[in-house]
file protein_21.txt (compact mmCIF, C-alpha atoms)
# COMPACT_ATOMS: atom_id res chain seq x y z
CA MET A 1 -70.25 -12.11 86.94
CA LYS A 2 -71.06 -13.72 90.26
CA ARG A 3 -68.46 -16.43 89.83
CA PHE A 4 -65.75 -13.79 89.48
CA LEU A 5 -66.70 -12.10 92.74
CA PRO A 6 -64.41 -14.16 95.01
CA ILE A 7 -61.50 -13.45 92.68
CA LEU A 8 -62.32 -9.74 92.67
CA ILE A 9 -62.49 -9.70 96.45
CA LEU A 10 -59.18 -11.53 96.65
CA LEU A 11 -57.57 -9.03 94.27
CA ALA A 12 -59.01 -6.14 96.26
CA LEU A 13 -57.58 -7.60 99.48
CA LEU A 14 -54.20 -8.13 97.87
CA GLY A 15 -54.24 -4.53 96.67
CA LEU A 16 -55.17 -3.33 100.13
CA GLY A 17 -52.38 -5.44 101.64
CA TYR A 18 -49.90 -3.93 99.22
CA LEU A 19 -51.00 -0.42 100.21
CA LEU A 20 -50.53 -1.27 103.87
CA VAL A 21 -46.88 -2.33 103.46
CA PRO A 22 -44.79 0.61 104.63
CA LYS A 23 -43.19 2.32 101.69
CA GLY A 24 -39.42 2.35 101.42
CA SER A 25 -39.11 -0.52 103.88
CA HIS A 26 -35.54 -1.73 103.77
CA SER A 27 -34.66 -5.33 103.20
CA PHE A 28 -31.69 -5.97 105.49
CA PHE A 29 -28.49 -7.54 104.19
CA GLY A 30 -27.33 -8.35 107.70
CA THR A 31 -29.30 -10.52 110.11
CA ARG A 32 -31.99 -8.43 111.76
CA LEU A 33 -32.91 -9.54 115.25
CA LEU A 34 -36.64 -9.51 115.69
CA ASN A 35 -36.39 -9.68 119.46
CA PRO A 36 -33.59 -7.21 120.16
CA LYS A 37 -31.61 -8.31 123.17
CA PRO A 38 -30.61 -5.72 125.79
CA VAL A 39 -26.83 -5.54 126.10
CA ASP A 40 -24.37 -3.48 128.10
CA PHE A 41 -20.78 -3.61 129.30
CA THR A 42 -18.17 -1.59 131.09
CA LEU A 43 -14.67 -2.02 129.72
CA GLU A 44 -11.43 -0.08 129.75
CA GLY A 45 -10.54 2.40 127.04
CA PRO A 46 -7.37 4.49 126.79
CA GLY A 47 -8.99 7.24 128.86
CA GLY A 48 -10.69 5.12 131.49
CA SER A 49 -13.96 3.20 131.72
CA VAL A 50 -16.17 2.93 128.68
CA ARG A 51 -19.78 1.88 129.04
CA LEU A 52 -21.79 0.74 126.07
CA SER A 53 -24.66 2.87 127.39
CA ASP A 54 -22.41 5.94 126.98
CA PHE A 55 -23.41 5.63 123.32
CA GLN A 56 -27.14 5.37 123.97
CA ASN A 57 -27.92 7.79 121.13
CA LYS A 58 -25.60 6.19 118.62
CA LEU A 59 -25.58 3.14 116.45
CA VAL A 60 -22.70 1.08 117.88
CA LEU A 61 -20.82 -1.44 115.74
CA ILE A 62 -18.90 -3.91 117.92
CA PHE A 63 -16.22 -6.30 116.74
CA PHE A 64 -14.38 -8.74 119.01
CA GLY A 65 -10.85 -9.55 117.91
CA TYR A 66 -7.22 -9.25 118.89
CA VAL A 67 -4.35 -7.17 117.66
CA TYR A 68 -1.95 -9.96 116.61
CA CYS A 69 -4.43 -11.12 114.00
CA PRO A 70 -3.20 -10.43 110.48
CA ASP A 71 -5.95 -11.85 108.28
CA VAL A 72 -9.37 -12.14 109.91
CA CYS A 73 -9.49 -8.97 112.04
CA PRO A 74 -8.10 -6.49 109.50
CA THR A 75 -10.51 -7.85 106.87
CA THR A 76 -13.47 -6.91 109.07
CA MET A 77 -11.87 -3.74 110.49
CA LEU A 78 -11.12 -2.52 106.94
CA ALA A 79 -14.72 -3.27 106.00
CA LEU A 80 -15.98 -1.30 109.00
CA LYS A 81 -13.68 1.55 107.97
CA GLN A 82 -15.05 1.51 104.43
CA ALA A 83 -18.67 1.27 105.57
CA TYR A 84 -18.17 4.06 108.12
CA GLU A 85 -16.45 6.27 105.58
CA GLY A 86 -19.28 5.52 103.15
CA LEU A 87 -21.62 7.49 105.44
CA SER A 88 -21.96 11.27 105.37
CA PRO A 89 -20.16 13.26 108.09
CA GLU A 90 -23.57 13.92 109.69
CA GLU A 91 -24.41 10.21 109.73
CA ARG A 92 -20.97 9.33 111.10
CA LYS A 93 -21.64 11.50 114.17
CA ARG A 94 -24.41 9.03 115.04
CA VAL A 95 -22.25 5.92 114.65
CA GLN A 96 -19.52 4.52 116.92
CA VAL A 97 -17.28 1.61 115.96
CA VAL A 98 -15.87 -0.27 118.97
CA PHE A 99 -13.11 -2.89 118.80
CA ILE A 100 -13.03 -5.18 121.85
CA SER A 101 -9.81 -7.13 122.31
CA VAL A 102 -10.38 -10.64 123.64
CA ASP A 103 -6.62 -10.88 124.25
CA PRO A 104 -6.07 -8.59 127.27
CA GLU A 105 -2.90 -10.53 128.08
CA ARG A 106 -1.16 -8.90 125.11
CA ASP A 107 -3.41 -5.98 124.23
CA THR A 108 -3.60 -3.14 126.75
CA PRO A 109 -6.48 -0.65 126.36
CA GLU A 110 -3.96 1.74 124.77
CA VAL A 111 -2.81 -0.86 122.23
CA ALA A 112 -6.40 -1.90 121.43
CA ASP A 113 -7.31 1.75 120.91
CA GLN A 114 -4.25 2.55 118.78
CA TYR A 115 -5.12 -0.46 116.68
CA ALA A 116 -8.73 0.65 116.19
CA LYS A 117 -7.74 4.25 115.47
CA ALA A 118 -5.30 3.17 112.76
CA PHE A 119 -8.36 2.15 110.73
CA ASN A 120 -10.24 5.36 111.47
CA PRO A 121 -9.42 7.95 114.13
CA ASP A 122 -13.07 7.94 115.26
CA PHE A 123 -12.94 4.25 116.17
CA LEU A 124 -12.48 3.17 119.77
CA GLY A 125 -10.53 0.20 121.09
CA VAL A 126 -11.24 -1.28 124.52
CA THR A 127 -10.46 -4.34 126.59
CA GLY A 128 -10.74 -5.39 130.22
CA ALA A 129 -9.80 -7.91 132.85
CA PRO A 130 -9.99 -11.49 131.54
CA GLU A 131 -13.10 -12.20 133.69
CA THR A 132 -14.84 -9.06 132.42
CA ILE A 133 -14.07 -9.92 128.80
CA GLN A 134 -15.46 -13.39 129.43
CA GLU A 135 -18.67 -11.93 130.80
CA VAL A 136 -19.07 -9.48 127.88
CA ALA A 137 -18.40 -12.29 125.41
CA ARG A 138 -21.09 -14.38 127.08
CA THR A 139 -23.59 -11.51 126.78
CA PHE A 140 -23.00 -11.34 123.04
CA GLY A 141 -22.65 -15.08 122.48
CA VAL A 142 -19.02 -14.65 121.49
CA TYR A 143 -16.60 -17.57 121.66
CA TYR A 144 -12.83 -17.19 121.84
CA GLN A 145 -10.08 -19.65 122.53
CA LYS A 146 -6.29 -19.64 122.29
CA SER A 147 -4.88 -21.97 119.68
CA GLN A 148 -1.43 -22.98 118.49
CA TYR A 149 0.05 -22.09 121.87
CA ARG A 150 3.84 -21.84 121.62
CA GLY A 151 4.49 -19.94 124.81
CA PRO A 152 3.49 -16.80 126.71
CA GLY A 153 2.73 -14.12 124.15
CA GLU A 154 3.01 -16.60 121.29
CA TYR A 155 -0.32 -17.97 120.32
CA LEU A 156 -3.24 -17.42 117.99
CA VAL A 157 -6.83 -16.82 119.03
CA ASP A 158 -9.90 -18.31 117.40
CA HIS A 159 -12.82 -15.96 117.88
CA THR A 160 -16.35 -15.22 116.78
CA ALA A 161 -15.92 -12.78 113.92
CA THR A 162 -19.45 -11.38 113.79
CA THR A 163 -19.97 -7.63 113.97
CA PHE A 164 -22.75 -6.72 116.42
CA VAL A 165 -24.87 -3.65 115.81
CA VAL A 166 -26.40 -2.12 118.93
CA GLN A 167 -29.03 0.58 118.98
CA GLY A 168 -30.56 2.11 122.10
CA GLY A 169 -28.89 -0.51 124.29
CA LYS A 170 -30.24 -3.40 122.25
CA LEU A 171 -28.63 -5.78 119.83
CA VAL A 172 -30.49 -5.21 116.56
CA LEU A 173 -28.35 -6.50 113.68
CA LEU A 174 -25.58 -9.04 113.05
CA LEU A 175 -23.06 -8.82 110.22
CA SER A 176 -21.17 -12.04 109.54
CA PRO A 177 -17.50 -11.95 108.51
CA GLU A 178 -18.52 -13.23 105.06
CA LYS A 179 -20.77 -10.21 104.58
CA LEU A 180 -17.89 -7.97 105.62
CA ASN A 181 -15.30 -9.55 103.34
CA PHE A 182 -15.24 -6.77 100.77
CA ALA A 183 -11.86 -8.01 99.51
CA GLN A 184 -13.73 -11.02 98.10
CA ASN A 185 -17.10 -9.34 97.52
CA PRO A 186 -16.69 -5.64 96.75
CA GLY A 187 -20.43 -5.39 96.01
CA TYR A 188 -21.30 -5.98 99.67
CA LEU A 189 -20.04 -2.55 100.79
CA SER A 190 -23.07 -0.63 99.49
CA LYS A 191 -25.43 -3.19 101.08
CA VAL A 192 -23.81 -2.77 104.49
CA VAL A 193 -23.90 1.03 104.17
CA ALA A 194 -27.60 0.79 103.24
CA ASP A 195 -28.25 -1.33 106.37
CA LEU A 196 -26.58 1.27 108.59
CA ARG A 197 -28.52 4.10 106.92
CA ALA A 198 -31.79 2.21 107.43
CA LEU A 199 -31.06 2.06 111.16
CA LEU A 200 -29.96 5.70 111.49
CA MET B 1 -2.54 -9.97 83.99
CA LYS B 2 -0.37 -7.03 83.00
CA ARG B 3 1.42 -7.12 86.30
CA LEU B 4 2.11 -10.81 85.92
CA LEU B 5 5.54 -11.74 87.06
CA ALA B 6 6.93 -14.18 84.62
CA LEU B 7 9.68 -15.92 86.42
CA THR B 8 13.07 -16.74 85.18
CA LEU B 9 14.57 -20.15 85.44
CA LEU B 10 15.72 -20.68 88.97
CA THR B 11 17.46 -23.55 90.59
CA LEU B 12 14.98 -26.12 89.39
CA PRO B 13 13.76 -26.48 85.83
CA ALA B 14 10.24 -27.13 87.14
CA LEU B 15 10.15 -23.66 88.65
CA ALA B 16 10.33 -22.12 85.22
CA GLN B 17 6.70 -23.12 85.07
CA VAL B 18 5.67 -21.27 88.22
CA VAL B 19 3.98 -17.96 87.81
CA ALA B 20 3.31 -15.64 90.71
CA VAL B 21 0.58 -13.08 90.21
CA PRO B 22 1.41 -10.40 92.76
CA GLY B 23 -1.06 -9.46 95.43
CA TRP B 24 -0.17 -7.22 98.32
CA VAL B 25 1.15 -7.07 101.85
CA ARG B 26 -1.43 -5.78 104.24
CA LEU B 27 -0.72 -2.46 105.89
CA VAL B 28 -1.45 -3.06 109.57
CA PRO B 29 -1.51 -0.55 112.42
CA PRO B 30 2.02 0.24 113.67
CA VAL B 31 1.22 -1.46 117.00
CA VAL B 32 0.99 -4.81 115.19
CA ARG B 33 4.11 -6.81 114.47
CA ASP B 34 2.51 -9.46 112.27
CA THR B 35 0.95 -8.99 108.88
CA ALA B 36 -0.29 -11.04 105.94
CA ALA B 37 0.86 -11.25 102.34
CA TYR B 38 -1.37 -12.26 99.46
CA LEU B 39 -0.66 -13.48 95.92
CA THR B 40 -1.63 -16.20 93.47
CA LEU B 41 0.67 -19.04 92.52
CA GLU B 42 0.10 -20.88 89.27
CA ASN B 43 1.76 -24.16 88.46
CA ARG B 44 2.13 -24.53 84.72
CA ALA B 45 4.24 -27.65 85.02
CA LYS B 46 3.05 -31.24 84.69
CA THR B 47 4.17 -32.14 88.19
CA PRO B 48 2.82 -30.94 91.54
CA LEU B 49 4.66 -28.15 93.25
CA ARG B 50 4.97 -27.81 96.98
CA LEU B 51 5.51 -24.48 98.71
CA VAL B 52 7.28 -25.29 101.97
CA GLY B 53 8.04 -21.87 103.39
CA ALA B 54 9.08 -18.32 102.75
CA GLU B 55 11.37 -15.65 104.09
CA SER B 56 11.58 -11.90 104.01
CA PRO B 57 14.30 -9.50 105.12
CA LEU B 58 11.60 -7.47 106.90
CA ALA B 59 10.19 -10.25 109.07
CA GLU B 60 11.72 -12.56 111.64
CA ARG B 61 9.73 -15.42 110.24
CA VAL B 62 7.28 -16.12 107.43
CA SER B 63 4.78 -18.92 107.84
CA LEU B 64 2.01 -20.41 105.75
CA HIS B 65 -1.50 -20.20 107.15
CA ARG B 66 -5.01 -21.00 106.20
CA ASP B 67 -8.13 -19.64 107.85
CA HIS B 68 -9.94 -22.03 110.10
CA ARG B 69 -13.70 -21.66 110.26
CA GLU B 70 -16.32 -23.24 112.46
CA GLN B 71 -19.84 -22.48 113.64
CA LYS B 72 -20.37 -21.94 117.35
CA GLY B 73 -23.53 -20.60 118.96
CA GLY B 74 -24.92 -19.56 115.59
CA HIS B 75 -21.88 -17.43 114.74
CA THR B 76 -18.88 -17.99 112.55
CA VAL B 77 -15.75 -18.48 114.64
CA LEU B 78 -12.59 -17.75 112.71
CA GLY B 79 -8.98 -18.45 113.39
CA MET B 80 -5.97 -19.57 111.45
CA ARG B 81 -3.83 -22.66 111.37
CA PRO B 82 -0.23 -22.95 110.30
CA LEU B 83 0.40 -25.25 107.36
CA PRO B 84 3.58 -27.30 106.86
CA HIS B 85 3.24 -26.81 103.10
CA VAL B 86 0.85 -25.76 100.37
CA GLU B 87 0.57 -27.95 97.31
CA ILE B 88 -0.12 -26.43 93.90
CA PRO B 89 -1.42 -29.11 91.53
CA PRO B 90 -0.12 -29.38 87.97
CA GLY B 91 -1.97 -26.90 85.79
CA GLY B 92 -3.64 -25.48 88.90
CA LYS B 93 -3.31 -22.46 91.09
CA VAL B 94 -3.59 -21.49 94.72
CA VAL B 95 -5.00 -18.10 95.63
CA PHE B 96 -3.72 -16.49 98.80
CA ALA B 97 -6.46 -14.01 99.77
CA PRO B 98 -8.24 -12.69 102.88
CA GLY B 99 -10.41 -15.43 104.34
CA GLY B 100 -8.30 -18.21 102.83
CA TYR B 101 -4.56 -18.82 102.55
CA HIS B 102 -2.05 -16.21 103.60
CA LEU B 103 1.65 -15.87 104.16
CA MET B 104 2.08 -14.56 107.67
CA LEU B 105 4.97 -12.17 108.13
CA GLU B 106 5.75 -12.57 111.81
CA GLY B 107 7.81 -10.19 113.88
CA LEU B 108 8.12 -7.26 111.49
CA LYS B 109 11.48 -5.60 112.05
CA ARG B 110 9.89 -2.17 111.63
CA PRO B 111 6.40 -0.82 110.87
CA LEU B 112 5.61 -0.92 107.16
CA LYS B 113 4.58 2.11 105.15
CA ALA B 114 1.82 2.26 102.55
CA GLY B 115 3.22 1.94 99.06
CA GLU B 116 6.58 0.43 99.98
CA LYS B 117 7.70 -2.81 98.37
CA VAL B 118 8.34 -5.94 100.39
CA GLU B 119 10.60 -8.68 99.12
CA ILE B 120 9.52 -12.23 99.90
CA THR B 121 11.38 -15.36 98.83
CA LEU B 122 9.15 -18.38 98.39
CA LEU B 123 10.78 -21.71 99.17
CA PHE B 124 9.72 -24.84 97.29
CA GLN B 125 10.37 -28.47 98.00
CA GLY B 126 13.54 -29.53 96.27
CA GLY B 127 15.30 -26.28 97.01
CA GLY B 128 13.69 -24.04 94.41
CA LYS B 129 13.34 -20.40 95.37
CA LEU B 130 11.22 -17.67 93.93
CA LYS B 131 11.55 -14.01 94.79
CA VAL B 132 8.42 -11.85 94.68
CA ILE B 133 8.03 -8.18 95.41
CA LEU B 134 4.70 -7.08 96.83
CA PRO B 135 3.42 -3.57 97.54
CA VAL B 136 2.15 -2.62 101.00
CA GLU B 137 -1.49 -1.62 100.76
CA MET B 138 -4.32 -0.99 103.19
CA ARG B 139 -6.81 -3.43 101.77

call {"tool": "encode", "arguments": {"input": "protein_21.txt", "output": "structure tokens"}}
result
Amino acid sequence: MKRFLPILILLALLGLGYLLVPKGSHSFFGTRLLNPKPVDFTLEGPGGSVRLSDFQNKLVLIFFGYVYCPDVCPTTMLALKQAYEGLSPEERKRVQVVFISVDPERDTPEVADQYAKAFNPDFLGVTGAPETIQEVARTFGVYYQKSQYRGPGEYLVDHTATTFVVQGGKLVLLLSPEKLNFAQNPGYLSKVVADLRALL
Amino acid sequence: MKRLLALTLLTLPALAQVVAVPGWVRLVPPVVRDTAAYLTLENRAKTPLRLVGAESPLAERVSLHRDHREQKGGHTVLGMRPLPHVEIPPGGKVVFAPGGYHLMLEGLKRPLKAGEKVEITLLFQGGGKLKVILPVEMR
């Protein structure tokens, strides 16, 4: 019997460890940030200044893009629409989707907001002076660069297509464009909704 | 495959072997004047087929694009690049879908409506043309 004791103790410890794991703990589909980074910005919306901290009590989903973007941006914006609409009306009240245009040259705050609202009327579109956008992009680690320049107003923009999830003023979760390509992976929608619910 | 568009013989005999499986034209917010069209082109011929352009009565210009992807600062940076042509190998197919190839309808002459049909003429090397009709959908 004595020679089994270490094994019994090990099993007992494993059992104890299992009991200590919080029940119902969610395994995130997106990339959870273990050291949430404090973030904030002040940009221009259709009705004046918008501060990220205005949404202190909400889960904020931020996507950087530009309006003249027919493939990449709508793929993510449609995914955000579907994920948002996959929540209950009560849950939606605690979520804000924000579209930040990195192309203030062409997108006014009004245009950015009309664009965002076409996906869901609760969404908000903002932009700002080029220097402010640059600063906000730096905070989030977002890269953007004009490409295929043909003339003023005629160019494409390469940009980081990650969706940033902010809670209580801190960046807590990242959703890559691949994880938000529901056109190619319809099964991802429920995983993203589950991530949002776990944070709410 | 029930919505498969079997295509009639057009200007080139080779085109009789091209099959377009319709996709959709993306419904974009009315403030946007560019959109994307998606479909699958299958080449059932024994020779390669080259798509060199497209046109639509609803857009000033239609161009071929493919998504461009790179990693910067731990994030995926996406963009798109125009393509002079898209080659469909013999017996192969090319899928135009979000995140990959798309036909970019530039300078829409009016905002599109969900459910309406958009006519696009695909132009192939050698002068072959193929007309496809795609529905406008928000997806």

call {"tool": "interface_residues", "arguments": {"input": "protein_21.txt", "of": "chain A", "to": "chain B", "cutoff": "8 Å", "atoms": "all atoms listed in the file", "output": "VMD selection string"}}
result
chain A and resid 67 to 72 74 to 75 78 111 114 to 115 118 to 119 141 to 144 148 156 to 162 176 to 177 181 183 to 184

call {"tool": "write_last_selection", "arguments": {"input": "protein_21.txt", "atoms": "C-alpha atoms", "output": "CSV table (one decimal), in the frame of the given file"}}
result
chain,number,residue,atom,x,y,z
A,67,VAL,CA,-4.4,-7.2,117.7
A,68,TYR,CA,-2.0,-10.0,116.6
A,69,CYS,CA,-4.4,-11.1,114.0
A,70,PRO,CA,-3.2,-10.4,110.5
A,71,ASP,CA,-6.0,-11.8,108.3
A,72,VAL,CA,-9.4,-12.1,109.9
A,74,PRO,CA,-8.1,-6.5,109.5
A,75,THR,CA,-10.5,-7.8,106.9
A,78,LEU,CA,-11.1,-2.5,106.9
A,111,VAL,CA,-2.8,-0.9,122.2
A,114,GLN,CA,-4.2,2.6,118.8
A,115,TYR,CA,-5.1,-0.5,116.7
A,118,ALA,CA,-5.3,3.2,112.8
A,119,PHE,CA,-8.4,2.2,110.7
A,141,GLY,CA,-22.6,-15.1,122.5
A,142,VAL,CA,-19.0,-14.6,121.5
A,143,TYR,CA,-16.6,-17.6,121.7
A,144,TYR,CA,-12.8,-17.2,121.8
A,148,GLN,CA,-1.4,-23.0,118.5
A,156,LEU,CA,-3.2,-17.4,118.0
A,157,VAL,CA,-6.8,-16.8,119.0
A,158,ASP,CA,-9.9,-18.3,117.4
A,159,HIS,CA,-12.8,-16.0,117.9
A,160,THR,CA,-16.4,-15.2,116.8
A,161,ALA,CA,-15.9,-12.8,113.9
A,162,THR,CA,-19.4,-11.4,113.8
A,176,SER,CA,-21.2,-12.0,109.5
A,177,PRO,CA,-17.5,-12.0,108.5
A,181,ASN,CA,-15.3,-9.6,103.3
A,183,ALA,CA,-11.9,-8.0,99.5
A,184,GLN,CA,-13.7,-11.0,98.1

call {"tool": "atom_distance", "arguments": {"input": "protein_21.txt", "atom1": "CA of Tyr66 in chain A", "atom2": "CA of Thr31 in chain A"}}
result
23.8 Å

call {"tool": "closest_residue", "arguments": {"input": "protein_21.txt", "among": "B:Gly127, B:Gly107, B:Pro135, B:Pro90", "to": "Pro57 in chain B", "atoms": "all atoms listed in the file"}}
result
B:Gly107

call {"tool": "atom_distance", "arguments": {"input": "protein_21.txt", "atom1": "CA of Glu42 in chain B", "atom2": "CA of Glu87 in chain B"}}
result
10.7 Å

call {"tool": "residues_around", "arguments": {"input": "protein_21.txt", "residues": "Phe140 in chain A", "least_positions_apart": "4", "cutoff": "9 Å", "atoms": "all atoms listed in the file", "output": "ChimeraX atom specification"}}
result
/A:39,135-136,164,171

call {"tool": "atom_distance", "arguments": {"input": "protein_21.txt", "atom1": "CA of Leu124 in chain A", "atom2": "CA of Pro38 in chain A"}}
result
21.1 Å

call {"tool": "residues_around", "arguments": {"input": "protein_21.txt", "residues": "Ala129 in chain A", "least_positions_apart": "2", "cutoff": "10 Å", "atoms": "only C-alpha atoms", "output": "ChimeraX atom specification"}}
result
/A:43-44,102-105,108,127,131-135

call {"tool": "residues_around", "arguments": {"input": "protein_21.txt", "residues": "Leu199 in chain A", "least_positions_apart": "2", "cutoff": "9 Å", "atoms": "only C-alpha atoms", "output": "PyMOL selection string"}}
result
chain A and resi 59+167+194-197

call {"tool": "closest_residue", "arguments": {"input": "protein_21.txt", "among": "B:Val19, B:Ile133, B:Val95, B:Leu122", "to": "Ser63 in chain B", "atoms": "all atoms listed in the file"}}
result
B:Leu122

call {"tool": "build_atoms", "arguments": {"input": "protein_21.txt", "residues": "range 157-181 of chain A", "atoms": "N, CA and C atoms", "output": "PDB file, in the coordinates of the input"}}
result
ATOM      1  N   VAL A 157      -5.531 -16.773 118.346  1.00  0.00           N
ATOM      2  CA  VAL A 157      -6.830 -16.820 119.030  1.00  0.00           C
ATOM      3  C   VAL A 157      -7.921 -17.061 117.984  1.00  0.00           C
ATOM      4  N   ASP A 158      -8.698 -18.100 118.219  1.00  0.00           N
ATOM      5  CA  ASP A 158      -9.900 -18.310 117.400  1.00  0.00           C
ATOM      6  C   ASP A 158     -10.984 -17.474 118.058  1.00  0.00           C
ATOM      7  N   HIS A 159     -11.763 -16.775 117.270  1.00  0.00           N
ATOM      8  CA  HIS A 159     -12.820 -15.960 117.880  1.00  0.00           C
ATOM      9  C   HIS A 159     -13.991 -15.762 116.948  1.00  0.00           C
ATOM     10  N   THR A 160     -15.151 -15.540 117.554  1.00  0.00           N
ATOM     11  CA  THR A 160     -16.350 -15.220 116.780  1.00  0.00           C
ATOM     12  C   THR A 160     -16.071 -13.926 116.033  1.00  0.00           C
ATOM     13  N   ALA A 161     -16.298 -13.947 114.734  1.00  0.00           N
ATOM     14  CA  ALA A 161     -15.920 -12.780 113.920  1.00  0.00           C
ATOM     15  C   ALA A 161     -17.129 -12.002 113.421  1.00  0.00           C
ATOM     16  N   THR A 162     -18.234 -12.126 114.141  1.00  0.00           N
ATOM     17  CA  THR A 162     -19.450 -11.380 113.790  1.00  0.00           C
ATOM     18  C   THR A 162     -19.317  -9.938 114.249  1.00  0.00           C
ATOM     19  N   THR A 163     -19.883  -9.016 113.507  1.00  0.00           N
ATOM     20  CA  THR A 163     -19.970  -7.630 113.970  1.00  0.00           C
ATOM     21  C   THR A 163     -21.395  -7.430 114.506  1.00  0.00           C
ATOM     22  N   PHE A 164     -21.466  -6.906 115.735  1.00  0.00           N
ATOM     23  CA  PHE A 164     -22.750  -6.720 116.420  1.00  0.00           C
ATOM     24  C   PHE A 164     -23.164  -5.266 116.331  1.00  0.00           C
ATOM     25  N   VAL A 165     -24.389  -5.027 115.910  1.00  0.00           N
ATOM     26  CA  VAL A 165     -24.870  -3.650 115.810  1.00  0.00           C
ATOM     27  C   VAL A 165     -25.881  -3.408 116.931  1.00  0.00           C
ATOM     28  N   VAL A 166     -25.571  -2.421 117.766  1.00  0.00           N
ATOM     29  CA  VAL A 166     -26.400  -2.120 118.930  1.00  0.00           C
ATOM     30  C   VAL A 166     -27.040  -0.744 118.753  1.00  0.00           C
ATOM     31  N   GLN A 167     -28.315  -0.685 119.054  1.00  0.00           N
ATOM     32  CA  GLN A 167     -29.030   0.580 118.980  1.00  0.00           C
ATOM     33  C   GLN A 167     -29.890   0.733 120.223  1.00  0.00           C
ATOM     34  N   GLY A 168     -29.767   1.864 120.895  1.00  0.00           N
ATOM     35  CA  GLY A 168     -30.560   2.110 122.100  1.00  0.00           C
ATOM     36  C   GLY A 168     -30.391   1.022 123.142  1.00  0.00           C
ATOM     37  N   GLY A 169     -29.163   0.506 123.275  1.00  0.00           N
ATOM     38  CA  GLY A 169     -28.890  -0.510 124.290  1.00  0.00           C
ATOM     39  C   GLY A 169     -29.361  -1.909 123.920  1.00  0.00           C
ATOM     40  N   LYS A 170     -29.785  -2.071 122.671  1.00  0.00           N
ATOM     41  CA  LYS A 170     -30.240  -3.400 122.250  1.00  0.00           C
ATOM     42  C   LYS A 170     -29.539  -3.867 120.989  1.00  0.00           C
ATOM     43  N   LEU A 171     -29.278  -5.164 120.976  1.00  0.00           N
ATOM     44  CA  LEU A 171     -28.630  -5.780 119.830  1.00  0.00           C
ATOM     45  C   LEU A 171     -29.674  -5.910 118.712  1.00  0.00           C
ATOM     46  N   VAL A 172     -29.447  -5.227 117.597  1.00  0.00           N
ATOM     47  CA  VAL A 172     -30.490  -5.210 116.560  1.00  0.00           C
ATOM     48  C   VAL A 172     -30.082  -5.887 115.240  1.00  0.00           C
ATOM     49  N   LEU A 173     -28.776  -5.974 114.974  1.00  0.00           N
ATOM     50  CA  LEU A 173     -28.350  -6.500 113.680  1.00  0.00           C
ATOM     51  C   LEU A 173     -27.012  -7.217 113.817  1.00  0.00           C
ATOM     52  N   LEU A 174     -26.843  -8.297 113.062  1.00  0.00           N
ATOM     53  CA  LEU A 174     -25.580  -9.040 113.050  1.00  0.00           C
ATOM     54  C   LEU A 174     -25.014  -9.001 111.635  1.00  0.00           C
ATOM     55  N   LEU A 175     -23.719  -8.768 111.528  1.00  0.00           N
ATOM     56  CA  LEU A 175     -23.060  -8.820 110.220  1.00  0.00           C
ATOM     57  C   LEU A 175     -21.981  -9.894 110.285  1.00  0.00           C
ATOM     58  N   SER A 176     -22.129 -10.936 109.502  1.00  0.00           N
ATOM     59  CA  SER A 176     -21.170 -12.040 109.540  1.00  0.00           C
ATOM     60  C   SER A 176     -19.872 -11.616 108.839  1.00  0.00           C
ATOM     61  N   PRO A 177     -18.765 -12.312 109.167  1.00  0.00           N
ATOM     62  CA  PRO A 177     -17.500 -11.950 108.510  1.00  0.00           C
ATOM     63  C   PRO A 177     -17.559 -12.116 106.990  1.00  0.00           C
ATOM     64  N   GLU A 178     -18.384 -13.035 106.516  1.00  0.00           N
ATOM     65  CA  GLU A 178     -18.520 -13.230 105.060  1.00  0.00           C
ATOM     66  C   GLU A 178     -19.119 -11.975 104.431  1.00  0.00           C
ATOM     67  N   LYS A 179     -20.112 -11.399 105.121  1.00  0.00           N
ATOM     68  CA  LYS A 179     -20.770 -10.210 104.580  1.00  0.00           C
ATOM     69  C   LYS A 179     -19.869  -8.985 104.659  1.00  0.00           C
ATOM     70  N   LEU A 180     -18.825  -9.088 105.494  1.00  0.00           N
ATOM     71  CA  LEU A 180     -17.890  -7.970 105.620  1.00  0.00           C
ATOM     72  C   LEU A 180     -16.565  -8.263 104.934  1.00  0.00           C
ATOM     73  N   ASN A 181     -16.530  -9.278 104.094  1.00  0.00           N
ATOM     74  CA  ASN A 181     -15.300  -9.550 103.340  1.00  0.00           C
ATOM     75  C   ASN A 181     -15.406  -8.854 101.984  1.00  0.00           C
TER      76      ASN A 181
END
